Amino acid sequence: MIVDGSRGVRLLVSLALLLMVLWTTSCGSGTMNAAPSPRPAVSVSVLPDVEAGRVVTVFLRDRATGAQKLAMAEEIAQMPEVEAYRFVSKRQALESFAAQRPDLDLENLPMNPLPASFQLVVRDGADVASVAQRFYEDPIVANTPGTHDGVAVGGTVPAGMSPSP
């Protein structure tokens, strides 16, 4: 079976999360009085409506492999500060941008200039900077050399990614 890159990554992330949930629920902590562990982040296709101060976007280099993206998804899923996250493929990023800017002719682009990304919703706005900082030095993050511009703090979830009421 052949699957395109973004669908393959989503499938792998979903399977990894399912295995993690199954493993977590089947393995007890061994003690009844142990404090509950933080809830893992949930991978979602649509992010909830959130205020701008709770959003972190991590832009990925085009050369990032499926395995690297899966490893990052697993890392994000384990972060107790993250409530939910979403992988956005290059194609989805371009489609979202095109929907926001119908005045631009994007049909004839020789290539898609937009990167894939992970969009994270942080549980507490006070943790946004520390969550973002975890990705500053990651080699698959699309930072301009000498900067941390591959990680965007704040902002909004693009139109079309929030659930309808």
# chains A, B, ... in the order shown; residues from 1 in each chain; ligands from 1
$ residues_around --residues "region 115-125 of chain A" --least-positions-apart "4" --cutoff "6 Å" --atoms "only C-alpha atoms" --output "PyMOL selection string"
chain A and resi 53-60+81-90
$ write_last_selection --atoms "C-alpha atoms" --output "CSV table (one decimal), in the first residue's frame"
chain,number,residue,atom,x,y,z
A,53,GLY,CA,-1.7,33.5,23.8
A,54,ARG,CA,-1.9,29.7,24.0
A,55,VAL,CA,-0.8,28.8,20.5
A,56,VAL,CA,2.7,27.6,19.5
A,57,THR,CA,3.5,26.8,15.9
A,58,VAL,CA,6.7,24.7,15.1
A,59,PHE,CA,7.6,25.0,11.4
A,60,LEU,CA,9.5,22.0,10.0
A,81,GLU,CA,1.8,21.5,29.2
A,82,VAL,CA,0.2,20.8,25.8
A,83,GLU,CA,-3.5,20.2,25.6
A,84,ALA,CA,-3.8,19.4,21.9
A,85,TYR,CA,-1.8,19.5,18.8
A,86,ARG,CA,-2.2,19.2,15.0
A,87,PHE,CA,0.2,18.3,12.2
A,88,VAL,CA,-0.3,20.6,9.2
A,89,SER,CA,1.2,19.3,5.9
A,90,LYS,CA,2.7,21.7,3.3
$ atom_distance --atom1 "CA of Ala64 (chain A)" --atom2 "CA of Phe135 (chain A)"
14.0 Å
$ closest_residue --among "A:Glu107, A:Gln100, A:Tyr136, A:Asn143" --to "Asp62 (chain A)" --atoms "only C-alpha atoms"
A:Asn143
$ select_by_dssp --residues "region 58-150 of chain A" --states "helix (DSSP H, G or I)" --output "PyMOL selection string"
chain A and resi 66-77+90-100+125-133
$ write_last_selection --atoms "C-alpha atoms" --output "PDB file, in the first residue's frame"
ATOM      1  CA  GLY A  66       8.537  10.853   8.401  1.00  0.00           C
ATOM      2  CA  ALA A  67      10.414   9.226  11.289  1.00  0.00           C
ATOM      3  CA  GLN A  68      11.573  12.629  12.557  1.00  0.00           C
ATOM      4  CA  LYS A  69       8.040  14.014  12.348  1.00  0.00           C
ATOM      5  CA  LEU A  70       6.706  10.987  14.206  1.00  0.00           C
ATOM      6  CA  ALA A  71       9.348  11.397  16.916  1.00  0.00           C
ATOM      7  CA  MET A  72       8.380  15.059  17.312  1.00  0.00           C
ATOM      8  CA  ALA A  73       4.683  14.108  17.504  1.00  0.00           C
ATOM      9  CA  GLU A  74       5.499  11.586  20.228  1.00  0.00           C
ATOM     10  CA  GLU A  75       7.508  14.219  22.120  1.00  0.00           C
ATOM     11  CA  ILE A  76       4.635  16.696  21.862  1.00  0.00           C
ATOM     12  CA  ALA A  77       2.112  14.072  22.978  1.00  0.00           C
ATOM     13  CA  LYS A  90       2.728  21.656   3.339  1.00  0.00           C
ATOM     14  CA  ARG A  91      -0.346  21.113   1.176  1.00  0.00           C
ATOM     15  CA  GLN A  92      -2.743  21.899   4.023  1.00  0.00           C
ATOM     16  CA  ALA A  93      -0.734  25.040   4.849  1.00  0.00           C
ATOM     17  CA  LEU A  94      -0.998  26.250   1.244  1.00  0.00           C
ATOM     18  CA  GLU A  95      -4.727  25.443   1.070  1.00  0.00           C
ATOM     19  CA  SER A  96      -5.357  27.357   4.309  1.00  0.00           C
ATOM     20  CA  PHE A  97      -3.299  30.323   3.094  1.00  0.00           C
ATOM     21  CA  ALA A  98      -5.122  30.299  -0.253  1.00  0.00           C
ATOM     22  CA  ALA A  99      -8.493  30.311   1.545  1.00  0.00           C
ATOM     23  CA  GLN A 100      -7.406  33.329   3.586  1.00  0.00           C
ATOM     24  CA  GLY A 125      -0.592  30.644  28.636  1.00  0.00           C
ATOM     25  CA  ALA A 126       2.158  31.046  31.233  1.00  0.00           C
ATOM     26  CA  ASP A 127       3.864  27.922  29.824  1.00  0.00           C
ATOM     27  CA  VAL A 128       3.936  29.062  26.175  1.00  0.00           C
ATOM     28  CA  ALA A 129       7.517  30.388  26.243  1.00  0.00           C
ATOM     29  CA  SER A 130       8.945  27.278  27.904  1.00  0.00           C
ATOM     30  CA  VAL A 131       7.089  24.989  25.462  1.00  0.00           C
ATOM     31  CA  ALA A 132       8.351  27.003  22.486  1.00  0.00           C
ATOM     32  CA  GLN A 133      11.905  26.976  23.831  1.00  0.00           C
TER      33      GLN A 133
END
$ atom_distance --atom1 "CA of Arg61 (chain A)" --atom2 "CA of Gly154 (chain A)"
20.4 Å
$ atom_distance --atom1 "CA of Pro113 (chain A)" --atom2 "CA of Arg63 (chain A)"
13.2 Å
